[in-house]
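The structure appears right after this line, and notes come after that.
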Amino acid sequence: EEYINASHGSLPDVNQDKLQELLSDELHFSNEEQIQNKSELCNVFSGWASIVEGHSSVNIHTIAESKRQARTGAHTVLAHWETNYDTKDGSIWYGTSVDISNKKVCGFQVFASFTIENAKIVKIVQRSDTVVKHLDVEEAVRLDKMNNK
């Protein structure tokens, strides 16, 4: 819950101090084809924060935690939440020239599995909606990327 609120729930004021505290230096984050380490993930949140107008909100639907493994002390937390936010005027989709100004993202669904060892998140496997679908710019982003190869 702290991770969700410090990241998705605090935009545009990502709580980088809390993220540094929660995430292991050896963090492995994956979401579909994206793979990031701790530094890269924190940079993604900074970039995401730059397009958010006002403040994001989250609605946490479920958090379930497994028992700690006796051998390693590791445990898994499963979470499902949704994120809502508006984009700023002049915002452009990452790595493209596609305008996403003044759009609304409502009910962006996220499912994640967190592996925790020694009170730090060492692994996040996340599956989420496609933001470009929520922003209604999926085709424009695809074409922009294709034309700029």
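FYI, nothing fancy with the structure tokens labels: chains A, B, ... in order, residues from 1 per chain, ligands from 1 as they appear.
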DSSP on the backbone, strand (DSSP E or B) only: what residues of region 10-145 of chain A does that give? Format it as a ChimeraX atom specification.
/A:23-31,34-36,52-65,75-87,92,99,104-117,120-128
Spatial neighbours of Tyr94 (chain A), 12 Å, only C-alpha atoms, chain gap at least 3 places, as a list in words
Val44, Phe45, Ser46, Gly47, Trp48, Ala49, Ser50, Ile51, Ser91, Ser97, Val98, Asp99, Ile100, Val131, Val132, Val137, Val141, Asp144 and Lys145 of chain A
Counting only C-alpha atoms, which residues of region 54-104 of chain A sit at most 10 Å from some atom of region 13-17 of chain A, and what is each one's closest atom pair with its distance in Å to one decimal, listed by chain and rising residue number, as JSON lines?
```
{"residue": "A:Gly54", "atom": "CA", "partner": "A:Asp13", "partner_atom": "CA", "distance": 9.9}
{"residue": "A:His55", "atom": "CA", "partner": "A:Asp13", "partner_atom": "CA", "distance": 8.1}
{"residue": "A:Ser56", "atom": "CA", "partner": "A:Asp13", "partner_atom": "CA", "distance": 9.3}
```
Which residue, A:Thr130, A:Asn37, A:Asn84, A:Ser30, has the smallest gap to Glu53 (chain A) when you use only C-alpha atoms?
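Smallest distance to Glu53 (chain A) is found for A:Asn84.
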For CA of Gln34 (chain A) and CA of Gly73 (chain A), quote the distance in Å rounded to one decimal.
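Interatomic distance here is 27.7 Å.
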If we count only C-alpha atoms and set the cut-off at 7 Å, which residues sit around region 104-120 of chain A, ignoring sequence neighbours fewer than 2 positions away in its own chain? Please answer as a list in words.
Leu22, Leu23, Ser24, Gly73, Ala74, His75, Thr76, Val77, Leu78, Ala79, His80, Trp81, Glu82, Thr83, Asn84, Tyr85, Asp86, Thr87, Asn102, Val122, Lys123, Ile124, Val125, Gln126, Arg127, Ser128, Asp129, His134 and Leu135 of chain A
Proximity to Ala6 (chain A) - best of A:Glu65, A:Glu139, A:Glu33, A:Glu21, only C-alpha atoms:
A:Glu21
Taking only chain A into account, list the residues labelled helix (DSSP H, G or I) by DSSP (computed from the backbone), as a VMD selection string.
chain A and resid 2 to 6 16 to 22 38 to 49 131 to 134 138 to 147
Please determine, counting only C-alpha atoms, which residue among A:Ser66, A:Ser7, A:Asn148, A:Ser101 has the shortest atom-to-atom distance to Asp136 (chain A).
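Closest to Asp136 (chain A), using only C-alpha atoms: A:Ser101.
Of the listed residues (A:Trp93, A:Asn5, A:Leu19, A:Val52), A:Leu19 comes nearest to Lys38 (chain A); the distances count only C-alpha atoms.
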